[in-house]
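Source file: coords-v9.tsv; contents: TSV, C-alpha atoms and all ligand atoms.
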chain	number	residue	atom	x	y	z
A	1	MET	CA	-29.90	-88.71	-38.21
A	2	GLY	CA	-28.39	-90.47	-35.22
A	3	PHE	CA	-29.72	-93.58	-33.50
A	4	ASP	CA	-31.76	-91.65	-30.89
A	5	SER	CA	-33.40	-89.20	-33.26
A	6	ASP	CA	-34.17	-92.02	-35.71
A	7	ILE	CA	-35.95	-93.90	-32.94
A	8	THR	CA	-37.83	-90.83	-31.73
A	9	HIS	CA	-39.00	-90.08	-35.26
A	10	ALA	CA	-40.02	-93.72	-35.76
A	11	ALA	CA	-41.98	-93.75	-32.49
A	12	GLN	CA	-43.78	-90.54	-33.47
A	13	THR	CA	-44.62	-92.05	-36.85
A	14	LEU	CA	-46.13	-95.10	-35.14
A	15	LEU	CA	-48.16	-92.97	-32.71
A	16	ALA	CA	-49.48	-90.95	-35.66
A	17	GLY	CA	-50.80	-94.16	-37.24
A	18	GLY	CA	-47.88	-94.71	-39.62
A	19	LEU	CA	-46.14	-97.92	-40.60
A	20	VAL	CA	-42.52	-98.44	-39.57
A	21	ALA	CA	-40.40	-101.41	-40.56
A	22	PHE	CA	-37.88	-102.24	-37.85
A	23	PRO	CA	-35.21	-104.86	-37.20
A	24	THR	CA	-35.65	-107.68	-34.71
A	25	GLU	CA	-33.27	-110.55	-33.97
A	26	THR	CA	-35.38	-112.85	-36.20
A	27	VAL	CA	-36.57	-110.92	-39.28
A	28	TYR	CA	-37.64	-107.34	-40.01
A	29	GLY	CA	-41.15	-106.52	-38.79
A	30	LEU	CA	-43.73	-104.18	-40.31
A	31	GLY	CA	-44.90	-102.27	-37.24
A	32	ALA	CA	-48.12	-100.43	-36.45
A	33	ASP	CA	-49.72	-99.20	-33.23
A	34	ALA	CA	-51.65	-102.32	-32.17
A	35	ILE	CA	-54.37	-100.23	-30.49
A	36	ASN	CA	-54.99	-98.14	-33.64
A	37	GLU	CA	-57.28	-100.19	-35.88
A	38	ARG	CA	-56.77	-97.97	-38.92
A	39	ALA	CA	-53.00	-98.41	-38.68
A	40	VAL	CA	-53.42	-102.16	-38.24
A	41	ALA	CA	-55.77	-102.29	-41.24
A	42	ARG	CA	-53.02	-100.67	-43.33
A	43	VAL	CA	-50.61	-103.46	-42.34
A	44	PHE	CA	-53.03	-106.03	-43.77
A	45	GLU	CA	-53.42	-103.93	-46.94
A	46	VAL	CA	-49.73	-103.30	-47.55
A	47	LYS	CA	-48.87	-106.98	-47.04
A	48	ALA	CA	-51.96	-108.13	-48.96
A	49	ARG	CA	-52.45	-110.34	-45.94
A	50	PRO	CA	-55.80	-112.07	-45.43
A	51	ARG	CA	-57.74	-110.67	-42.50
A	52	PHE	CA	-58.03	-114.12	-40.96
A	53	ASP	CA	-54.28	-114.22	-40.25
A	54	PRO	CA	-53.59	-112.68	-36.81
A	55	LEU	CA	-50.58	-110.45	-36.08
A	56	ILE	CA	-47.92	-110.79	-33.38
A	57	VAL	CA	-47.93	-107.98	-30.81
A	58	HIS	CA	-44.50	-106.76	-29.70
A	59	VAL	CA	-43.88	-105.36	-26.23
A	60	PRO	CA	-40.69	-104.23	-24.47
A	61	ASP	CA	-41.06	-106.39	-21.35
A	62	LEU	CA	-43.05	-108.99	-19.44
A	63	GLU	CA	-45.06	-106.39	-17.53
A	64	SER	CA	-46.33	-104.79	-20.75
A	65	ALA	CA	-47.31	-108.26	-21.95
A	66	THR	CA	-49.34	-109.07	-18.85
A	67	ARG	CA	-51.45	-105.92	-19.45
A	68	LEU	CA	-52.84	-107.41	-22.66
A	69	VAL	CA	-54.03	-110.81	-21.40
A	70	THR	CA	-56.61	-112.20	-18.97
A	71	ALA	CA	-54.26	-114.91	-17.73
A	72	PHE	CA	-50.53	-115.50	-17.66
A	73	PRO	CA	-50.14	-119.15	-16.63
A	74	ALA	CA	-47.11	-120.35	-14.70
A	75	ALA	CA	-45.73	-122.12	-17.77
A	76	ALA	CA	-45.83	-118.84	-19.70
A	77	GLU	CA	-44.10	-117.03	-16.85
A	78	ASN	CA	-41.34	-119.61	-16.76
A	79	LEU	CA	-40.86	-119.40	-20.51
A	80	ALA	CA	-40.85	-115.59	-20.50
A	81	ALA	CA	-38.31	-115.56	-17.68
A	82	ARG	CA	-36.05	-117.88	-19.63
A	83	PHE	CA	-36.48	-116.69	-23.24
A	84	TRP	CA	-37.61	-113.04	-23.27
A	85	PRO	CA	-36.29	-110.95	-24.85
A	86	GLY	CA	-35.94	-113.55	-27.58
A	87	PRO	CA	-37.45	-115.44	-30.51
A	88	LEU	CA	-40.41	-116.98	-28.67
A	89	THR	CA	-44.02	-115.85	-29.21
A	90	LEU	CA	-46.59	-116.86	-26.60
A	91	VAL	CA	-50.27	-117.15	-27.56
A	92	LEU	CA	-52.43	-116.32	-24.53
A	93	PRO	CA	-56.07	-115.30	-23.85
A	94	LYS	CA	-56.44	-111.64	-24.81
A	95	ASN	CA	-58.27	-108.90	-22.96
A	96	ASP	CA	-60.39	-106.03	-24.39
A	97	ILE	CA	-57.42	-103.71	-24.93
A	98	VAL	CA	-56.34	-105.76	-27.95
A	99	PRO	CA	-58.52	-105.03	-31.02
A	100	ASP	CA	-60.15	-108.04	-32.69
A	101	LEU	CA	-58.59	-106.98	-35.98
A	102	VAL	CA	-55.11	-107.68	-34.57
A	103	THR	CA	-56.03	-111.21	-33.50
A	104	ALA	CA	-58.28	-111.86	-36.52
A	105	GLY	CA	-61.15	-112.51	-34.16
A	106	CYS	CA	-59.21	-115.10	-32.12
A	107	PRO	CA	-59.82	-114.99	-28.37
A	108	THR	CA	-56.03	-115.14	-27.97
A	109	VAL	CA	-53.17	-112.74	-28.67
A	110	ALA	CA	-49.64	-113.64	-29.78
A	111	LEU	CA	-47.03	-111.75	-27.72
A	112	ARG	CA	-43.32	-111.39	-27.93
A	113	VAL	CA	-40.42	-109.31	-26.60
A	114	PRO	CA	-37.84	-109.03	-29.39
A	115	ASP	CA	-34.13	-109.29	-28.56
A	116	HIS	CA	-32.83	-106.35	-30.56
A	117	PRO	CA	-31.64	-103.01	-29.10
A	118	MET	CA	-33.32	-100.92	-31.80
A	119	ALA	CA	-36.62	-102.78	-31.49
A	120	LEU	CA	-36.61	-102.46	-27.71
A	121	GLU	CA	-35.76	-98.74	-27.89
A	122	LEU	CA	-38.59	-98.23	-30.34
A	123	LEU	CA	-41.10	-100.14	-28.20
A	124	ARG	CA	-40.11	-98.14	-25.13
A	125	ALA	CA	-40.25	-94.83	-26.99
A	126	ALA	CA	-43.67	-95.57	-28.50
A	127	ALA	CA	-44.94	-96.89	-25.15
A	128	ARG	CA	-47.62	-98.82	-27.06
A	129	PRO	CA	-47.93	-102.46	-28.03
A	130	ILE	CA	-46.78	-102.74	-31.66
A	131	ALA	CA	-48.39	-105.21	-34.04
A	132	ALA	CA	-45.76	-106.43	-36.49
A	133	PRO	CA	-45.84	-109.25	-39.00
A	134	SER	CA	-42.72	-109.97	-41.01
A	135	ALA	CA	-42.17	-107.06	-43.43
A	136	ASN	CA	-42.79	-108.97	-46.68
A	137	PRO	CA	-45.77	-109.36	-48.99
A	138	PHE	CA	-47.99	-112.20	-47.74
A	139	GLY	CA	-46.63	-115.66	-48.53
A	140	ARG	CA	-43.25	-114.45	-49.75
A	141	VAL	CA	-39.71	-114.72	-48.38
A	142	SER	CA	-39.15	-112.91	-45.06
A	143	PRO	CA	-36.72	-109.94	-44.95
A	144	THR	CA	-33.50	-110.17	-42.95
A	145	THR	CA	-32.02	-106.81	-44.04
A	146	ALA	CA	-33.42	-103.29	-44.42
A	147	ASP	CA	-32.72	-103.52	-48.17
A	148	HIS	CA	-34.98	-106.57	-48.46
A	149	VAL	CA	-37.79	-104.49	-46.93
A	150	ARG	CA	-37.15	-101.51	-49.21
A	151	GLU	CA	-37.13	-103.77	-52.27
A	152	GLN	CA	-40.45	-105.40	-51.43
A	153	LEU	CA	-42.46	-102.73	-49.59
A	154	GLY	CA	-40.37	-99.56	-49.82
A	155	ASP	CA	-42.79	-97.09	-51.36
A	156	GLN	CA	-45.79	-98.30	-49.37
A	157	ILE	CA	-44.52	-97.70	-45.86
A	158	ASP	CA	-43.54	-94.58	-43.95
A	159	LEU	CA	-40.13	-95.52	-42.57
A	160	VAL	CA	-37.56	-98.31	-42.51
A	161	LEU	CA	-35.21	-98.44	-39.51
A	162	ASP	CA	-31.92	-100.05	-40.53
A	163	GLY	CA	-30.36	-102.23	-37.85
A	164	GLY	CA	-28.19	-104.35	-40.13
A	165	PRO	CA	-28.73	-108.05	-40.87
A	166	CYS	CA	-30.87	-110.05	-38.43
A	167	ARG	CA	-28.88	-112.27	-36.08
A	168	VAL	CA	-31.23	-115.28	-35.85
A	169	GLY	CA	-32.65	-115.10	-39.37
A	170	VAL	CA	-35.75	-117.26	-38.92
A	171	GLU	CA	-39.04	-116.14	-37.34
A	172	SER	CA	-39.93	-116.67	-33.71
A	173	THR	CA	-41.31	-119.95	-32.40
A	174	VAL	CA	-45.08	-119.61	-31.84
A	175	LEU	CA	-46.41	-121.51	-28.82
A	176	ARG	CA	-50.02	-121.59	-27.65
A	177	LEU	CA	-50.52	-122.05	-23.93
A	178	SER	CA	-53.87	-123.03	-22.45
A	179	ASP	CA	-55.46	-125.38	-19.94
A	180	GLN	CA	-54.88	-128.09	-22.52
A	181	GLY	CA	-51.13	-127.53	-22.29
A	182	ALA	CA	-48.58	-126.19	-24.75
A	183	GLU	CA	-48.89	-126.49	-28.52
A	184	LEU	CA	-46.23	-125.64	-31.07
A	185	LEU	CA	-47.99	-123.60	-33.80
A	186	ARG	CA	-44.82	-122.63	-35.67
A	187	PRO	CA	-41.27	-123.91	-35.12
A	188	GLY	CA	-38.84	-120.98	-35.06
A	189	GLY	CA	-35.81	-119.31	-33.53
A	190	THR	CA	-36.20	-120.88	-30.08
A	191	ALA	CA	-35.57	-124.61	-30.33
A	192	LEU	CA	-38.33	-126.98	-29.21
A	193	GLU	CA	-35.77	-128.89	-27.13
A	194	GLU	CA	-35.01	-125.73	-25.15
A	195	ILE	CA	-38.70	-125.01	-24.55
A	196	GLU	CA	-39.32	-128.59	-23.40
A	197	SER	CA	-36.42	-128.32	-20.97
A	198	VAL	CA	-38.42	-125.60	-19.19
A	199	ILE	CA	-42.06	-126.79	-19.39
A	200	GLY	CA	-41.91	-130.46	-20.37
A	201	GLN	CA	-43.58	-131.98	-23.37
A	202	VAL	CA	-45.06	-129.76	-26.04
A	203	GLU	CA	-47.78	-130.96	-28.40
A	204	LEU	CA	-46.78	-130.68	-32.04
A	205	VAL	CA	-49.61	-129.30	-34.15
A	206	ARG	CA	-49.11	-131.30	-37.32
A	207	GLY	CA	-50.70	-130.92	-40.70
A	208	GLU	CA	-52.15	-127.71	-41.98
A	209	VAL	CA	-55.26	-127.29	-39.91
A	210	SER	CA	-55.97	-128.93	-36.56
A	211	SER	CA	-59.49	-129.62	-35.33
A	212	ARG	CA	-59.24	-126.81	-32.82
A	213	ASP	CA	-58.08	-124.42	-35.52
A	214	ARG	CA	-61.27	-125.08	-37.42
A	215	GLU	CA	-63.11	-123.62	-34.47
A	216	GLY	CA	-61.63	-120.27	-35.33
A	217	MET	CA	-58.09	-120.30	-33.96
A	218	ALA	CA	-56.15	-120.73	-37.17
A	219	SER	CA	-52.43	-120.01	-37.23
A	220	PRO	CA	-51.93	-119.29	-40.90
A	221	GLY	CA	-48.14	-119.36	-40.63
A	222	ARG	CA	-49.06	-123.00	-41.20
A	223	LEU	CA	-50.71	-122.40	-44.55
A	224	PRO	CA	-49.18	-124.96	-46.92
A	225	GLN	CA	-47.66	-122.34	-49.20
A	226	HIS	CA	-45.72	-119.64	-47.39
A	227	TYR	CA	-42.19	-118.24	-47.23
A	228	ALA	CA	-42.09	-118.95	-50.96
A	229	PRO	CA	-39.65	-117.88	-53.69
A	230	GLN	CA	-40.96	-117.40	-57.26
A	231	THR	CA	-38.63	-120.13	-58.57
A	232	PRO	CA	-39.87	-123.73	-58.16
A	233	LEU	CA	-38.06	-125.35	-55.26
A	234	VAL	CA	-37.39	-129.06	-54.78
A	235	LEU	CA	-35.97	-130.75	-51.70
A	236	TRP	CA	-32.81	-132.85	-51.50
A	237	ASN	CA	-32.08	-135.33	-48.75
A	238	ARG	CA	-28.31	-135.84	-48.45
A	239	ASP	CA	-28.55	-138.97	-46.33
A	240	PRO	CA	-31.65	-140.97	-47.22
A	241	PRO	CA	-31.82	-144.21	-45.20
A	242	GLY	CA	-29.87	-147.00	-46.89
A	243	ARG	CA	-28.57	-144.82	-49.70
A	244	THR	CA	-25.90	-142.27	-48.88
A	245	GLY	CA	-23.28	-140.54	-50.91
A	246	ALA	CA	-25.26	-139.51	-54.02
A	247	GLY	CA	-24.77	-135.83	-54.84
A	248	PRO	CA	-27.68	-133.42	-55.36
A	249	ALA	CA	-27.43	-133.52	-59.16
A	250	ASP	CA	-27.73	-137.33	-59.20
A	251	SER	CA	-30.39	-137.82	-56.55
A	252	VAL	CA	-32.79	-135.05	-57.60
A	253	ALA	CA	-34.62	-135.66	-60.89
A	254	GLY	CA	-34.57	-132.99	-63.55
A	255	VAL	CA	-31.39	-131.13	-62.60
A	256	LYS	CA	-29.41	-132.09	-65.67
A	257	GLY	CA	-30.32	-130.01	-68.70
A	258	ARG	CA	-31.92	-127.29	-66.58
A	259	ARG	CA	-30.55	-124.12	-65.05
A	260	CYS	CA	-30.55	-125.01	-61.38
A	261	GLY	CA	-29.40	-123.41	-58.16
A	262	LEU	CA	-28.32	-125.25	-55.03
A	263	LEU	CA	-29.12	-124.20	-51.48
A	264	ALA	CA	-27.06	-126.55	-49.31
A	265	PHE	CA	-26.74	-126.73	-45.52
A	266	ARG	CA	-23.17	-128.08	-45.69
A	267	PRO	CA	-20.52	-128.17	-48.45
A	268	VAL	CA	-21.06	-130.73	-51.23
A	269	ASP	CA	-18.40	-132.74	-53.12
A	270	ASP	CA	-19.60	-131.90	-56.60
A	271	SER	CA	-21.81	-128.94	-57.43
A	272	SER	CA	-20.70	-128.53	-61.02
A	273	ALA	CA	-24.21	-129.22	-62.36
A	274	PHE	CA	-25.46	-126.06	-60.63
A	275	GLU	CA	-25.27	-122.59	-62.04
A	276	SER	CA	-25.46	-120.92	-58.66
A	277	VAL	CA	-24.53	-122.42	-55.28
A	278	GLU	CA	-25.21	-121.22	-51.74
A	279	ILE	CA	-23.53	-123.11	-48.88
A	280	LEU	CA	-25.13	-122.03	-45.60
A	281	SER	CA	-22.52	-123.31	-43.17
A	282	ALA	CA	-19.07	-124.72	-43.89
A	283	SER	CA	-19.01	-126.30	-40.43
A	284	GLY	CA	-22.62	-127.58	-40.39
A	285	ASP	CA	-23.80	-125.08	-37.78
A	286	LEU	CA	-27.61	-124.67	-37.79
A	287	ARG	CA	-27.48	-121.21	-36.21
A	288	GLU	CA	-25.17	-119.93	-38.90
A	289	ALA	CA	-27.38	-121.55	-41.55
A	290	ALA	CA	-30.53	-119.94	-40.14
A	291	ALA	CA	-28.92	-116.50	-40.12
A	292	LYS	CA	-28.04	-116.83	-43.81
A	293	PHE	CA	-31.09	-118.78	-45.00
A	294	PHE	CA	-33.57	-116.18	-46.31
A	295	ALA	CA	-30.91	-113.94	-47.91
A	296	ALA	CA	-29.44	-116.94	-49.76
A	297	LEU	CA	-32.90	-118.04	-50.89
A	298	ARG	CA	-33.52	-114.52	-52.23
A	299	ARG	CA	-30.24	-114.45	-54.17
A	300	LEU	CA	-31.07	-117.77	-55.82
A	301	ASP	CA	-34.60	-116.58	-56.53
A	302	ALA	CA	-33.20	-113.46	-58.23
A	303	ALA	CA	-30.79	-115.46	-60.43
A	304	GLY	CA	-33.40	-116.35	-63.05
A	305	LEU	CA	-33.06	-120.12	-62.57
A	306	ASP	CA	-35.47	-122.88	-63.63
A	307	ARG	CA	-35.31	-124.58	-60.27
A	308	ILE	CA	-33.81	-124.37	-56.79
A	309	VAL	CA	-32.63	-127.60	-55.16
A	310	ALA	CA	-32.59	-127.18	-51.37
A	311	GLU	CA	-31.00	-129.52	-48.87
A	312	ILE	CA	-33.21	-130.77	-46.03
A	313	PHE	CA	-31.72	-129.87	-42.62
A	314	PRO	CA	-31.25	-132.23	-39.67
A	315	GLU	CA	-34.57	-132.21	-37.77
A	316	ILE	CA	-33.08	-130.86	-34.53
A	317	GLY	CA	-32.72	-127.40	-32.95
A	318	LEU	CA	-33.21	-124.65	-35.53
A	319	GLY	CA	-33.26	-127.33	-38.25
A	320	ARG	CA	-36.91	-127.93	-37.41
A	321	ALA	CA	-37.81	-124.31	-38.22
A	322	LEU	CA	-35.68	-124.29	-41.38
A	323	ASN	CA	-37.29	-127.51	-42.66
A	324	ASP	CA	-40.73	-126.05	-41.96
A	325	ARG	CA	-39.90	-123.00	-44.12
A	326	LEU	CA	-38.38	-125.21	-46.83
A	327	ARG	CA	-41.40	-127.50	-47.04
A	328	ARG	CA	-43.72	-124.51	-47.43
A	329	ALA	CA	-41.40	-122.91	-50.00
A	330	ALA	CA	-41.46	-126.18	-51.95
A	331	HIS	CA	-45.24	-126.53	-51.92
B	401	LIG	O1	-40.10	-113.44	-35.54
B	401	LIG	C1	-41.26	-113.12	-35.73
B	401	LIG	O2	-42.20	-113.69	-35.16
B	401	LIG	C2	-41.54	-111.95	-36.71
B	401	LIG	C3	-40.94	-110.70	-36.12
B	401	LIG	C4	-41.24	-109.47	-36.94
B	401	LIG	O3	-41.36	-110.53	-34.80
B	401	LIG	N1	-42.93	-111.82	-36.94
B	401	LIG	C5	-43.65	-112.70	-37.68
B	401	LIG	O4	-44.98	-112.35	-37.84
B	401	LIG	O5	-43.17	-113.69	-38.17
B	401	LIG	P1	-45.93	-113.04	-38.90
B	401	LIG	O6	-47.19	-112.25	-38.88
B	401	LIG	O7	-45.26	-113.17	-40.19
B	401	LIG	O8	-46.25	-114.42	-38.27
B	401	LIG	C6	-47.11	-114.51	-37.14
B	401	LIG	C7	-47.52	-115.93	-36.91
B	401	LIG	C8	-48.50	-116.38	-37.96
B	401	LIG	O9	-48.24	-117.74	-38.26
B	401	LIG	C9	-49.83	-116.21	-37.26
B	401	LIG	O10	-50.83	-117.04	-37.79
B	401	LIG	C10	-49.46	-116.58	-35.84
B	401	LIG	O11	-48.19	-116.03	-35.65
B	401	LIG	N2	-50.37	-116.00	-34.84
B	401	LIG	C11	-50.50	-114.71	-34.51
B	401	LIG	N3	-51.48	-114.54	-33.60
B	401	LIG	C12	-51.98	-115.77	-33.33
B	401	LIG	C13	-53.01	-116.26	-32.48
B	401	LIG	N4	-53.74	-115.45	-31.71
B	401	LIG	N5	-53.24	-117.59	-32.48
B	401	LIG	C14	-52.51	-118.42	-33.26
B	401	LIG	N6	-51.52	-118.01	-34.10
B	401	LIG	C15	-51.26	-116.71	-34.14
B	402	MG	MG	-44.45	-113.81	-42.03
Kindly return the structure encoded in the file as structure tokens.
Amino acid sequence: MGFDSDITHAAQTLLAGGLVAFPTETVYGLGADAINERAVARVFEVKARPRFDPLIVHVPDLESATRLVTAFPAAAENLAARFWPGPLTLVLPKNDIVPDLVTAGCPTVALRVPDHPMALELLRAAARPIAAPSANPFGRVSPTTADHVREQLGDQIDLVLDGGPCRVGVESTVLRLSDQGAELLRPGGTALEEIESVIGQVELVRGEVSSRDREGMASPGRLPQHYAPQTPLVLWNRDPPGRTGAGPADSVAGVKGRRCGLLAFRPVDDSSAFESVEILSASGDLREAAAKFFAALRRLDAAGLDRIVAEIFPEIGLGRALNDRLRRAAH
């Protein structure tokens, strides 16, 4: 089938209550008609996702987003104008069109316009808001190719649209906007620095559960264990203060004598202690590293190793999102 007939078929499948995995610029999503509660319920089932974890709703444009909320504050408008389509999800007060199942009972809905031609075509063809979490079993590594989706969920879903590898490679940034200001719920593909250049300071929601979350607005992308490989993962800091130059095999305990893999941001001098080595960017480019991150983690996880040693990224730009995923994978 060609591109157009694929999309038409996928849109019809969604409108009939089916589940369609589709590419976005960040990761592959597992899509369902957000207005169809039975379809949405199937997404939770297939992912084995707890019902308290709300889904992101995907729309093709700003206008479609405004139809699902009771307020679209100026800060949200400025962010949408600057970053949509793109890897930024805005959490805003929902209206009655959005089923409670989608938002896990939260009074807010998470909205995003993905920056991918196939995703946008699909959203326009379906002409419905599409709820789509990442297309992986709950808590596991996110898919950045159609093959990753087929391997993990293949027989349980109706269709996988193949748009090639995802360009950004790490999930969208999730930002909650309210009268209290802007809160970063999940660092992601839009850098915090870029967001702050548009709306000023953003509150970082640290720790696993904030006081406001306990009042029923949890963002379980912040659950301590998430994005996790099966192989135990330990973190390596290349440049700890006051002690630089030690390689990963010397500075991480328990590498010698074990079958270990290395997931490094930049090239290392000596990786001979490692059975399998993934270098994410020869030039130290965080964008390149993000695009390769989940696929590299999967390859190491499939190599039957005792342990994965993963380099901590610089805590700037996309490095913030990558470190967030690493810390959860290491938990
Ligand atoms: O890049 C992405 O965001 C991908 C692609 C497919 O769009 N989607 C994705 O969805 O990562 P998911 O379900 O894996 O992550 C959604 C995150 C979760 O951390 C969830 O808790 C949070 O968004 N979230 C969704 N609705 C929320 C709400 N109303 N309030 C707070 N957090 C919310
Ligand atoms: Mg996910």
Discussion item. At a cut-off of 10 Å around the point (-47.4, -99.2, -53.0) (file coordinates), what residues fall inside when counting only C-alpha atoms? I'd like the answer as a ChimeraX atom specification.
Written reply: /A:45-47,152-157
With C-alpha atoms retained, write the just-selected residues as a CSV table (one decimal), in the frame of the given file.
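File produced: again-v1.csv:
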chain,number,residue,atom,x,y,z
A,45,GLU,CA,-53.4,-103.9,-46.9
A,46,VAL,CA,-49.7,-103.3,-47.6
A,47,LYS,CA,-48.9,-107.0,-47.0
A,152,GLN,CA,-40.4,-105.4,-51.4
A,153,LEU,CA,-42.5,-102.7,-49.6
A,154,GLY,CA,-40.4,-99.6,-49.8
A,155,ASP,CA,-42.8,-97.1,-51.4
A,156,GLN,CA,-45.8,-98.3,-49.4
A,157,ILE,CA,-44.5,-97.7,-45.9
Worksheet item: By how many Å are CA of Glu121 in chain A and CA of Thr26 in chain A apart?
Response: 16.4 Å
Practice prompt. Could you pull out the residues sitting within 8 Å of ligand LIG 401 (chain B), using all atoms listed in the file, and write them as an NGL selection string?
Written response: :A and (23-30 or 53-58 or 87-89 or 91-92 or 102-104 or 106-112 or 114 or 132-135 or 142 or 170-174 or 176 or 185-186 or 188-189 or 217-222)
Worksheet item: Which residue, A:Arg67, A:Asn36, A:Val59, A:Arg287, has the smallest gap to Ala191 in chain A when you use only C-alpha atoms?
Response: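 Smallest separation from Ala191 in chain A among the options: A:Arg287.
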Worksheet item: Using only C-alpha atoms and all ligand atoms, which of the listed residues (A:Ala48, A:Leu101, A:Val198, A:Ala182) sits closest to ligand MG 402 (chain B)?
Response: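 Of all the options, A:Ala48 lies closest to ligand MG 402 (chain B).
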Practice prompt. Identify which of the residues A:Tyr227, A:Phe274, A:Trp236, A:Phe72 lies closest to ligand MG 402 (chain B), counting only C-alpha atoms and all ligand atoms when measuring atom-to-atom distances.
Written response: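 Nearest to ligand MG 402 (chain B): A:Tyr227.
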